[in-house]
>>> print(open('coords_6.cif').read())   # mmCIF, C-alpha atoms
data_structure
loop_
_atom_site.group_PDB
_atom_site.id
_atom_site.type_symbol
_atom_site.label_atom_id
_atom_site.label_comp_id
_atom_site.auth_asym_id
_atom_site.auth_seq_id
_atom_site.Cartn_x
_atom_site.Cartn_y
_atom_site.Cartn_z
ATOM 1 C CA MET A 207 0.000 0.000 0.000
ATOM 2 C CA GLY A 208 1.186 3.524 -0.560
ATOM 3 C CA ALA A 209 1.523 6.202 2.093
ATOM 4 C CA THR A 210 1.225 9.927 1.699
ATOM 5 C CA ILE A 211 3.599 12.193 3.587
ATOM 6 C CA GLY A 212 1.889 14.480 6.091
ATOM 7 C CA ASP A 213 1.970 18.279 6.038
ATOM 8 C CA ALA A 214 4.402 18.574 8.933
ATOM 9 C CA ALA A 215 6.928 16.263 7.313
ATOM 10 C CA THR A 216 6.551 17.982 3.962
ATOM 11 C CA ALA A 217 7.271 21.350 5.521
ATOM 12 C CA ALA A 218 10.414 19.944 7.128
ATOM 13 C CA VAL A 219 11.932 18.810 3.821
ATOM 14 C CA PRO A 220 14.131 21.319 1.995
ATOM 15 C CA ALA A 221 12.912 21.670 -1.587
ATOM 16 C CA ALA A 222 16.000 21.999 -3.763
ATOM 17 C CA SER A 223 16.853 20.958 -7.281
ATOM 18 C CA ALA A 224 20.234 19.690 -6.079
ATOM 19 C CA ALA A 225 18.511 17.239 -3.729
ATOM 20 C CA ARG A 226 16.211 16.005 -6.472
ATOM 21 C CA ALA A 227 19.151 15.552 -8.859
ATOM 22 C CA GLU A 228 21.103 13.522 -6.289
ATOM 23 C CA LEU A 229 18.068 11.503 -5.224
ATOM 24 C CA ALA A 230 17.101 10.525 -8.745
ATOM 25 C CA PRO A 231 20.002 10.805 -11.208
ATOM 26 C CA THR A 232 18.118 8.496 -13.594
ATOM 27 C CA GLY A 233 14.829 10.393 -13.250
ATOM 28 C CA ALA A 234 13.174 7.980 -10.773
ATOM 29 C CA ILE A 235 14.181 7.403 -7.172
ATOM 30 C CA ARG A 236 15.442 3.809 -7.016
ATOM 31 C CA VAL A 237 14.691 2.276 -3.611
ATOM 32 C CA ALA A 238 16.316 -0.943 -2.380
ATOM 33 C CA LEU A 239 14.049 -3.517 -0.740
ATOM 34 C CA VAL A 240 15.087 -6.812 0.880
ATOM 35 C CA GLU A 241 12.849 -9.860 0.532
ATOM 36 C CA ALA A 242 11.925 -12.561 3.054
ATOM 37 C CA PRO A 243 9.139 -15.154 3.322
ATOM 38 C CA THR A 244 7.250 -12.783 5.642
ATOM 39 C CA GLY A 245 7.362 -8.996 5.699
ATOM 40 C CA GLY A 246 8.000 -6.788 8.699
ATOM 41 C CA VAL A 247 9.564 -3.522 9.734
ATOM 42 C CA PHE A 248 12.559 -4.214 7.455
ATOM 43 C CA PHE A 249 11.877 -7.116 5.089
ATOM 44 C CA VAL A 250 9.246 -7.100 2.366
ATOM 45 C CA ALA A 251 7.221 -10.110 1.239
ATOM 46 C CA ARG A 252 5.714 -10.824 -2.168
ATOM 47 C CA ILE A 253 1.937 -10.542 -2.266
ATOM 48 C CA SER A 254 0.423 -11.346 -5.663
ATOM 49 C CA GLY A 255 3.931 -10.881 -7.049
ATOM 50 C CA GLU A 256 4.404 -7.388 -5.626
ATOM 51 C CA PRO A 257 6.742 -6.451 -2.734
ATOM 52 C CA ARG A 258 4.794 -5.323 0.327
ATOM 53 C CA GLY A 259 6.016 -4.108 3.676
ATOM 54 C CA VAL A 260 7.148 -1.156 5.749
ATOM 55 C CA THR A 261 10.196 -0.275 3.656
ATOM 56 C CA ARG A 262 8.179 -0.352 0.448
ATOM 57 C CA ASP A 263 5.684 2.106 1.916
ATOM 58 C CA LEU A 264 8.440 4.297 3.347
ATOM 59 C CA GLY A 265 10.000 4.442 -0.123
ATOM 60 C CA GLN A 266 6.635 5.368 -1.628
ATOM 61 C CA ALA A 267 6.146 8.133 0.949
ATOM 62 C CA LEU A 268 9.645 9.488 0.311
ATOM 63 C CA ALA A 269 9.004 9.552 -3.431
ATOM 64 C CA GLU A 270 5.738 11.431 -2.925
ATOM 65 C CA ALA A 271 7.442 13.977 -0.665
ATOM 66 C CA SER A 272 10.190 14.591 -3.202
ATOM 67 C CA GLY A 273 7.882 14.756 -6.222
ATOM 68 C CA LEU A 274 9.698 11.831 -7.816
ATOM 69 C CA SER A 275 8.537 8.492 -9.175
ATOM 70 C CA PRO A 276 9.701 5.442 -7.185
ATOM 71 C CA ALA A 277 11.391 2.406 -8.713
ATOM 72 C CA PHE A 278 11.682 -0.519 -6.305
ATOM 73 C CA VAL A 279 14.598 -2.937 -6.634
ATOM 74 C CA VAL A 280 14.339 -6.142 -4.584
ATOM 75 C CA PHE A 281 17.399 -7.945 -3.184
ATOM 76 C CA PRO A 282 17.728 -11.325 -1.430
ATOM 77 C CA ASN A 283 19.716 -9.880 1.471
ATOM 78 C CA SER A 284 20.773 -6.544 2.924
ATOM 79 C CA GLY A 285 24.424 -7.153 2.046
ATOM 80 C CA GLU A 286 23.579 -7.034 -1.660
ATOM 81 C CA ALA A 287 21.322 -4.027 -1.078
ATOM 82 C CA ALA A 288 24.156 -2.210 0.708
ATOM 83 C CA GLU A 289 26.598 -2.913 -2.097
ATOM 84 C CA ALA A 290 24.079 -1.748 -4.724
ATOM 85 C CA THR A 291 23.583 1.481 -2.778
ATOM 86 C CA ARG A 292 27.322 2.011 -2.456
ATOM 87 C CA ALA A 293 27.719 1.525 -6.213
ATOM 88 C CA GLY A 294 24.866 3.916 -7.074
ATOM 89 C CA ILE A 295 22.756 1.143 -8.594
ATOM 90 C CA VAL A 296 20.015 2.276 -6.214
ATOM 91 C CA ASP A 297 19.583 5.720 -4.679
ATOM 92 C CA VAL A 298 18.039 5.046 -1.262
ATOM 93 C CA ALA A 299 17.927 2.086 1.091
ATOM 94 C CA PHE A 300 16.645 1.290 4.567
ATOM 95 C CA MET A 301 18.887 -1.139 6.466
ATOM 96 C CA PRO A 302 20.455 -2.092 9.800
ATOM 97 C CA VAL A 303 23.602 -0.129 10.609
ATOM 98 C CA ASP A 304 27.059 -1.282 11.699
ATOM 99 C CA ALA A 305 30.634 -0.023 11.300
ATOM 100 C CA THR A 306 31.144 -1.890 8.017
ATOM 101 C CA ARG A 307 28.121 -0.191 6.470
ATOM 102 C CA ARG A 308 29.000 3.239 7.833
ATOM 103 C CA ALA A 309 32.267 2.960 5.903
ATOM 104 C CA MET A 310 30.306 2.224 2.706
ATOM 105 C CA LEU A 311 27.235 4.461 2.924
ATOM 106 C CA ALA A 312 25.940 7.791 4.227
ATOM 107 C CA PHE A 313 23.268 7.182 6.873
ATOM 108 C CA GLY A 314 20.452 9.412 8.022
ATOM 109 C CA PRO A 315 18.233 8.744 11.048
ATOM 110 C CA GLY A 316 16.805 5.412 12.077
ATOM 111 C CA TYR A 317 13.125 4.483 12.132
ATOM 112 C CA TYR A 318 13.364 1.233 14.142
ATOM 113 C CA ASP A 319 15.669 -0.188 16.824
ATOM 114 C CA LEU A 320 16.212 -3.929 16.481
ATOM 115 C CA GLU A 321 17.758 -6.738 18.512
ATOM 116 C CA SER A 322 19.498 -9.670 16.838
ATOM 117 C CA THR A 323 19.078 -13.092 18.416
ATOM 118 C CA TYR A 324 18.596 -16.744 17.451
ATOM 119 C CA LEU A 325 15.790 -19.075 16.460
ATOM 120 C CA VAL A 326 16.803 -22.577 17.614
ATOM 121 C CA SER A 327 15.430 -26.011 16.865
ATOM 122 C CA GLY A 328 13.305 -27.747 19.466
ATOM 123 C CA ALA A 329 15.756 -30.657 19.533
ATOM 124 C CA SER A 330 18.647 -28.386 20.501
ATOM 125 C CA GLY A 331 17.380 -27.780 24.025
ATOM 126 C CA VAL A 332 18.886 -24.268 23.939
ATOM 127 C CA ALA A 333 16.997 -21.608 25.892
ATOM 128 C CA ASP A 334 19.234 -18.531 25.829
ATOM 129 C CA VAL A 335 21.708 -16.798 23.559
ATOM 130 C CA GLU A 336 24.706 -18.124 25.514
ATOM 131 C CA GLY A 337 23.615 -21.703 24.843
ATOM 132 C CA VAL A 338 24.125 -21.290 21.108
ATOM 133 C CA ASP A 339 27.893 -20.995 21.533
ATOM 134 C CA ARG A 340 28.833 -24.658 21.654
ATOM 135 C CA ASP A 341 31.126 -26.913 19.636
ATOM 136 C CA GLY A 342 29.499 -28.325 16.526
ATOM 137 C CA PHE A 343 26.360 -26.209 16.790
ATOM 138 C CA ARG A 344 25.200 -25.393 13.264
ATOM 139 C CA VAL A 345 24.367 -21.686 13.057
ATOM 140 C CA VAL A 346 23.215 -20.020 9.843
ATOM 141 C CA GLY A 347 22.918 -16.333 9.030
ATOM 142 C CA ILE A 348 22.243 -14.184 5.995
ATOM 143 C CA ALA A 349 25.269 -13.256 3.879
ATOM 144 C CA GLY A 350 26.631 -9.734 4.163
ATOM 145 C CA THR A 351 24.363 -8.645 7.020
ATOM 146 C CA THR A 352 25.086 -6.799 10.254
ATOM 147 C CA THR A 353 23.558 -9.768 12.080
ATOM 148 C CA ILE A 354 25.908 -12.418 10.717
ATOM 149 C CA ARG A 355 28.897 -10.149 11.390
ATOM 150 C CA ALA A 356 27.773 -9.611 14.984
ATOM 151 C CA SER A 357 27.097 -13.322 15.405
ATOM 152 C CA ALA A 358 30.602 -14.159 14.178
ATOM 153 C CA ARG A 359 32.127 -11.620 16.599
ATOM 154 C CA THR A 360 30.253 -12.941 19.610
ATOM 155 C CA LEU A 361 30.524 -16.708 19.030
ATOM 156 C CA ALA A 362 33.749 -18.387 20.192
ATOM 157 C CA ARG A 363 33.128 -22.140 19.916
ATOM 158 C CA THR A 364 31.251 -22.153 16.601
ATOM 159 C CA GLN A 365 30.733 -19.789 13.681
ATOM 160 C CA PRO A 366 27.722 -18.913 11.517
ATOM 161 C CA VAL A 367 27.507 -20.191 7.958
ATOM 162 C CA ALA A 368 26.357 -17.594 5.419
ATOM 163 C CA VAL A 369 23.386 -18.327 3.168
ATOM 164 C CA PRO A 370 22.045 -15.948 0.511
ATOM 165 C CA SER A 371 18.470 -15.456 1.715
ATOM 166 C CA VAL A 372 16.093 -15.765 4.641
ATOM 167 C CA ALA A 373 14.032 -18.280 2.673
ATOM 168 C CA GLU A 374 17.031 -20.619 2.332
ATOM 169 C CA ALA A 375 17.935 -20.233 6.003
ATOM 170 C CA VAL A 376 14.381 -21.095 7.059
ATOM 171 C CA ALA A 377 14.425 -24.159 4.787
ATOM 172 C CA MET A 378 17.664 -25.332 6.415
ATOM 173 C CA MET A 379 16.111 -24.993 9.863
ATOM 174 C CA ARG A 380 12.944 -26.771 8.800
ATOM 175 C CA ASP A 381 14.867 -29.633 7.159
ATOM 176 C CA GLY A 382 17.160 -30.166 10.140
ATOM 177 C CA ARG A 383 20.284 -28.922 8.365
ATOM 178 C CA ALA A 384 20.831 -26.111 10.879
ATOM 179 C CA ASP A 385 20.414 -25.769 14.634
ATOM 180 C CA ALA A 386 20.085 -21.996 14.892
ATOM 181 C CA LEU A 387 19.240 -19.018 12.698
ATOM 182 C CA ALA A 388 20.681 -15.587 13.469
ATOM 183 C CA LEU A 389 18.242 -12.784 12.615
ATOM 184 C CA SER A 390 16.411 -9.855 14.181
ATOM 185 C CA ARG A 391 13.872 -10.751 16.858
ATOM 186 C CA ASP A 392 10.955 -9.049 15.074
ATOM 187 C CA THR A 393 11.660 -11.036 11.897
ATOM 188 C CA LEU A 394 12.040 -14.344 13.735
ATOM 189 C CA ALA A 395 8.632 -14.021 15.403
ATOM 190 C CA PRO A 396 6.544 -14.829 12.273
ATOM 191 C CA ILE A 397 9.189 -17.280 10.992
ATOM 192 C CA ARG A 398 8.905 -19.420 14.114
ATOM 193 C CA SER A 399 5.628 -20.956 12.936
ATOM 194 C CA GLN A 400 7.367 -22.130 9.755
ATOM 195 C CA VAL A 401 9.828 -24.256 11.758
ATOM 196 C CA PRO A 402 7.818 -26.662 13.929
ATOM 197 C CA GLY A 403 9.089 -26.969 17.486
ATOM 198 C CA SER A 404 11.468 -24.038 17.211
ATOM 199 C CA ARG A 405 11.860 -21.277 19.800
ATOM 200 C CA ILE A 406 13.395 -17.810 19.970
ATOM 201 C CA VAL A 407 16.040 -17.723 22.680
ATOM 202 C CA ALA A 408 16.216 -15.281 25.569
ATOM 203 C CA GLY A 409 18.733 -12.468 25.152
ATOM 204 C CA GLY A 410 20.418 -11.031 22.092
ATOM 205 C CA PHE A 411 23.839 -10.333 20.666
ATOM 206 C CA GLN A 412 23.350 -7.071 18.752
ATOM 207 C CA ARG A 413 21.278 -3.916 19.086
ATOM 208 C CA THR A 414 21.245 -1.417 16.246
ATOM 209 C CA SER A 415 18.948 0.808 14.232
ATOM 210 C CA VAL A 416 17.324 0.330 10.854
ATOM 211 C CA SER A 417 18.168 3.626 9.156
ATOM 212 C CA ILE A 418 17.822 5.380 5.839
ATOM 213 C CA ALA A 419 20.940 5.417 3.655
ATOM 214 C CA VAL A 420 22.171 6.983 0.423
ATOM 215 C CA PRO A 421 25.439 6.609 -1.504
ATOM 216 C CA LYS A 422 28.360 8.607 -0.155
ATOM 217 C CA GLY A 423 29.097 11.847 -1.995
ATOM 218 C CA ARG A 424 25.444 12.944 -2.213
ATOM 219 C CA PRO A 425 25.181 15.561 0.561
ATOM 220 C CA ALA A 426 22.017 17.194 -0.746
ATOM 221 C CA ALA A 427 20.272 13.814 -0.946
ATOM 222 C CA LEU A 428 21.385 12.970 2.590
ATOM 223 C CA ALA A 429 20.062 16.276 3.910
ATOM 224 C CA PHE A 430 16.749 15.702 2.123
ATOM 225 C CA VAL A 431 16.157 12.165 3.410
ATOM 226 C CA THR A 432 17.270 13.155 6.921
ATOM 227 C CA ALA A 433 14.745 16.005 7.060
ATOM 228 C CA TRP A 434 12.036 13.874 5.487
ATOM 229 C CA LEU A 435 12.387 10.897 7.842
ATOM 230 C CA THR A 436 12.655 13.143 10.902
ATOM 231 C CA GLY A 437 9.417 14.836 9.854
ATOM 232 C CA ALA A 438 7.716 11.554 8.947
ATOM 233 C CA LYS A 439 8.414 10.181 12.407
ATOM 234 C CA GLY A 440 7.223 13.376 14.029
ATOM 235 C CA ASP A 441 3.918 13.684 12.176
ATOM 236 C CA GLY A 442 2.911 10.043 12.560
ATOM 237 C CA THR A 443 3.557 8.900 8.987
ATOM 238 C CA VAL A 444 5.965 6.136 10.046
ATOM 239 C CA ARG A 445 3.598 5.036 12.806
ATOM 240 C CA ARG A 446 0.744 4.751 10.308
ATOM 241 C CA ILE A 447 2.910 2.727 7.939
ATOM 242 C CA PHE A 448 3.846 0.329 10.750
ATOM 243 C CA ASP A 449 0.195 -0.069 11.697
ATOM 244 C CA ALA A 450 -0.931 -0.633 8.098
ATOM 245 C CA ASN A 451 1.625 -3.433 7.715
ATOM 246 C CA GLY A 452 0.691 -5.351 10.847
ATOM 247 C CA ALA A 453 3.537 -3.962 12.953
ATOM 248 C CA GLY A 454 1.333 -2.080 15.371
ATOM 249 C CA GLU A 455 3.112 -3.591 18.386
ATOM 250 C CA GLN A 456 6.524 -2.374 17.203
ATOM 251 C CA PRO A 457 7.745 1.027 18.450
ATOM 252 C CA VAL A 458 9.015 3.672 16.051
ATOM 253 C CA ALA A 459 12.550 4.764 16.938
ATOM 254 C CA PRO A 460 12.714 8.173 18.632
#
>>> encode(input="coords_6.cif", output="structure tokens")
Amino acid sequence: MGATIGDAATAAVPAASAARAELAPTGAIRVALVEAPTGGVFFVARISGEPRGVTRDLGQALAEASGLSPAFVVFPNSGEAAEATRAGIVDVAFMPVDATRRAMLAFGPGYYDLESTYLVSGASGVADVEGVDRDGFRVVGIAGTTTIRASARTLARTQPVAVPSVAEAVAMMRDGRADALALSRDTLAPIRSQVPGSRIVAGGFQRTSVSIAVPKGRPAALAFVTAWLTGAKGDGTVRRIFDANGAGEQPVAP
């Protein structure tokens, strides 16, 4: 579904031709989306072949505020989305932040604060995040993501294996080829039902924000998206987008 930016947010956005030129060098604002079997505050899901979710609607609202047409580009993981943004293949992305990404991209404010943790198989008997760190425990994560990097930093007795998509990781859990899946807690909640007997462990190993990003070297674009997202949080636009996508229980980042 689309979302229309409110008056307060619109007033907060500087209208400048330089910003429009940097936001849409090809004429349309290309927005990166990341796909998963179920949508949420970060991932989009395909519904009747079309990507649906919070980031899709945020991209639509940004395009409306800037007077530009959106062009959505879907990626299997946020690592590929980050690299496409760095290379200028897309113009705007929403993604979790870590030091590796800050070196690649220019970030504006966040709209959601997430915690990374693990979904574990019922057979594992693991109840908390510390229990995942054991010899021979088969942990999977999504390639190129902040979560798999944080998992690798915090595990000492095992290491996560990278897979290209959430769908493949879920299939590995369901088929008994993995014991744990590293992902954000909000994303794991709907996935749990797809892996019979699984549980989300207590505790986490990373806390970060999901923030708006543009390629480095586009200062006018960064200023525009920063003002827009700040206004969209303040006037309730982001809250309405969360609610419309079934994320009513999730708080918008301050």
>>> atom_distance(input="coords_6.cif", atom1="atom CA of Pro231 of chain A", atom2="atom CA of Pro257 of chain A")
23.4 Å
>>> closest_residue(input="coords_6.cif", among="A:Ala459, A:Thr244, A:Leu264, A:Pro315", to="Gln400 of chain A", atoms="all atoms listed in the file")
A:Thr244
>>> closest_residue(input="coords_6.cif", among="A:Ala251, A:Ala238, A:Ala269, A:Ala375", to="Trp434 of chain A", atoms="all atoms listed in the file")
A:Ala269
>>> closest_residue(input="coords_6.cif", among="A:Thr443, A:Ser399, A:Ser272, A:Ser284", to="Val240 of chain A", atoms="all atoms listed in the file")
A:Ser284
>>> residues_near_point(input="coords_6.cif", point="(29.0, -11.5, 9.8)", cutoff="12 Å", atoms="only C-alpha atoms", output="PDB file with C-alpha atoms, keeping the file's coordinate frame")
ATOM      1  CA  SER A 284      20.773  -6.544   2.924  1.00  0.00           C
ATOM      2  CA  GLY A 285      24.424  -7.153   2.046  1.00  0.00           C
ATOM      3  CA  ASP A 304      27.059  -1.282  11.699  1.00  0.00           C
ATOM      4  CA  ALA A 305      30.634  -0.023  11.300  1.00  0.00           C
ATOM      5  CA  THR A 306      31.144  -1.890   8.017  1.00  0.00           C
ATOM      6  CA  ARG A 307      28.121  -0.191   6.470  1.00  0.00           C
ATOM      7  CA  SER A 322      19.498  -9.670  16.838  1.00  0.00           C
ATOM      8  CA  VAL A 345      24.367 -21.686  13.057  1.00  0.00           C
ATOM      9  CA  VAL A 346      23.215 -20.020   9.843  1.00  0.00           C
ATOM     10  CA  GLY A 347      22.918 -16.333   9.030  1.00  0.00           C
ATOM     11  CA  ILE A 348      22.243 -14.184   5.995  1.00  0.00           C
ATOM     12  CA  ALA A 349      25.269 -13.256   3.879  1.00  0.00           C
ATOM     13  CA  GLY A 350      26.631  -9.734   4.163  1.00  0.00           C
ATOM     14  CA  THR A 351      24.363  -8.645   7.020  1.00  0.00           C
ATOM     15  CA  THR A 352      25.086  -6.799  10.254  1.00  0.00           C
ATOM     16  CA  THR A 353      23.558  -9.768  12.080  1.00  0.00           C
ATOM     17  CA  ILE A 354      25.908 -12.418  10.717  1.00  0.00           C
ATOM     18  CA  ARG A 355      28.897 -10.149  11.390  1.00  0.00           C
ATOM     19  CA  ALA A 356      27.773  -9.611  14.984  1.00  0.00           C
ATOM     20  CA  SER A 357      27.097 -13.322  15.405  1.00  0.00           C
ATOM     21  CA  ALA A 358      30.602 -14.159  14.178  1.00  0.00           C
ATOM     22  CA  ARG A 359      32.127 -11.620  16.599  1.00  0.00           C
ATOM     23  CA  THR A 360      30.253 -12.941  19.610  1.00  0.00           C
ATOM     24  CA  LEU A 361      30.524 -16.708  19.030  1.00  0.00           C
ATOM     25  CA  GLN A 365      30.733 -19.789  13.681  1.00  0.00           C
ATOM     26  CA  PRO A 366      27.722 -18.913  11.517  1.00  0.00           C
ATOM     27  CA  VAL A 367      27.507 -20.191   7.958  1.00  0.00           C
ATOM     28  CA  ALA A 368      26.357 -17.594   5.419  1.00  0.00           C
ATOM     29  CA  VAL A 369      23.386 -18.327   3.168  1.00  0.00           C
ATOM     30  CA  ALA A 388      20.681 -15.587  13.469  1.00  0.00           C
ATOM     31  CA  LEU A 389      18.242 -12.784  12.615  1.00  0.00           C
ATOM     32  CA  GLN A 412      23.350  -7.071  18.752  1.00  0.00           C
TER      33      GLN A 412
END
>>> resolve_selection(input="coords_6.cif", expression="the PyMOL selection byres ((chain A and resi 439) around 12)", output="PyMOL selection string")
chain A and resi 211-212+214-216+218+264+267+315-318+432-438+440-448+457-460
>>> closest_residue(input="coords_6.cif", among="A:Pro396, A:Gly265, A:Pro402, A:Gly259", to="Ala234 of chain A", atoms="only C-alpha atoms")
A:Gly265
>>> residues_around(input="coords_6.cif", residues="segment 415-428 of chain A", least_positions_apart="4", cutoff="9 Å", atoms="all atoms listed in the file", output="VMD selection string")
chain A and resid 222 224 to 229 247 to 248 288 291 to 294 296 to 304 310 to 321 432 to 433 435 459
>>> build_atoms(input="coords_6.cif", residues="segment 320-343 of chain A", atoms="N, CA and C atoms", output="short mmCIF file (atom, residue, chain, number, x, y, z; two decimals), in the coordinates of the input")
data_model
loop_
_atom_site.label_atom_id
_atom_site.label_comp_id
_atom_site.auth_asym_id
_atom_site.auth_seq_id
_atom_site.Cartn_x
_atom_site.Cartn_y
_atom_site.Cartn_z
N LEU A 320 16.39 -2.48 16.47
CA LEU A 320 16.21 -3.93 16.48
C LEU A 320 17.22 -4.62 17.40
N GLU A 321 16.86 -5.85 17.77
CA GLU A 321 17.76 -6.74 18.51
C GLU A 321 17.96 -7.99 17.69
N SER A 322 19.20 -8.41 17.52
CA SER A 322 19.50 -9.67 16.84
C SER A 322 19.61 -10.79 17.86
N THR A 323 19.04 -11.94 17.52
CA THR A 323 19.08 -13.09 18.42
C THR A 323 19.00 -14.36 17.56
N TYR A 324 18.61 -15.48 18.18
CA TYR A 324 18.60 -16.74 17.45
C TYR A 324 17.24 -17.45 17.56
N LEU A 325 16.84 -18.06 16.47
CA LEU A 325 15.79 -19.08 16.46
C LEU A 325 16.51 -20.41 16.53
N VAL A 326 16.13 -21.28 17.47
CA VAL A 326 16.80 -22.58 17.61
C VAL A 326 15.79 -23.70 17.44
N SER A 327 16.30 -24.85 17.05
CA SER A 327 15.43 -26.01 16.86
C SER A 327 14.96 -26.52 18.22
N GLY A 328 13.80 -27.17 18.23
CA GLY A 328 13.30 -27.75 19.47
C GLY A 328 14.23 -28.82 20.00
N ALA A 329 14.87 -29.57 19.11
CA ALA A 329 15.76 -30.66 19.53
C ALA A 329 17.03 -30.16 20.20
N SER A 330 17.38 -28.91 19.97
CA SER A 330 18.65 -28.39 20.50
C SER A 330 18.63 -28.25 22.02
N GLY A 331 17.47 -27.99 22.59
CA GLY A 331 17.38 -27.78 24.02
C GLY A 331 17.93 -26.45 24.50
N VAL A 332 18.30 -25.56 23.58
CA VAL A 332 18.89 -24.27 23.94
C VAL A 332 17.78 -23.30 24.32
N ALA A 333 18.01 -22.54 25.42
CA ALA A 333 17.00 -21.61 25.89
C ALA A 333 17.44 -20.16 25.83
N ASP A 334 18.76 -19.91 25.81
CA ASP A 334 19.23 -18.53 25.83
C ASP A 334 20.36 -18.36 24.83
N VAL A 335 20.73 -17.10 24.60
CA VAL A 335 21.71 -16.80 23.56
C VAL A 335 23.07 -17.41 23.87
N GLU A 336 23.42 -17.54 25.15
CA GLU A 336 24.71 -18.12 25.51
C GLU A 336 24.79 -19.60 25.13
N GLY A 337 23.62 -20.28 25.15
CA GLY A 337 23.62 -21.70 24.84
C GLY A 337 23.91 -22.04 23.40
N VAL A 338 23.83 -21.05 22.52
CA VAL A 338 24.12 -21.29 21.11
C VAL A 338 25.61 -21.52 20.88
N ASP A 339 26.44 -20.94 21.74
CA ASP A 339 27.89 -21.00 21.53
C ASP A 339 28.46 -22.31 22.06
N ARG A 340 28.33 -23.34 21.27
CA ARG A 340 28.83 -24.66 21.65
C ARG A 340 29.48 -25.33 20.45
N ASP A 341 30.42 -26.22 20.70
CA ASP A 341 31.13 -26.91 19.64
C ASP A 341 30.14 -27.69 18.77
N GLY A 342 30.30 -27.55 17.46
CA GLY A 342 29.50 -28.32 16.53
C GLY A 342 28.10 -27.82 16.30
N PHE A 343 27.70 -26.74 16.97
CA PHE A 343 26.36 -26.21 16.79
C PHE A 343 26.28 -25.52 15.44
#
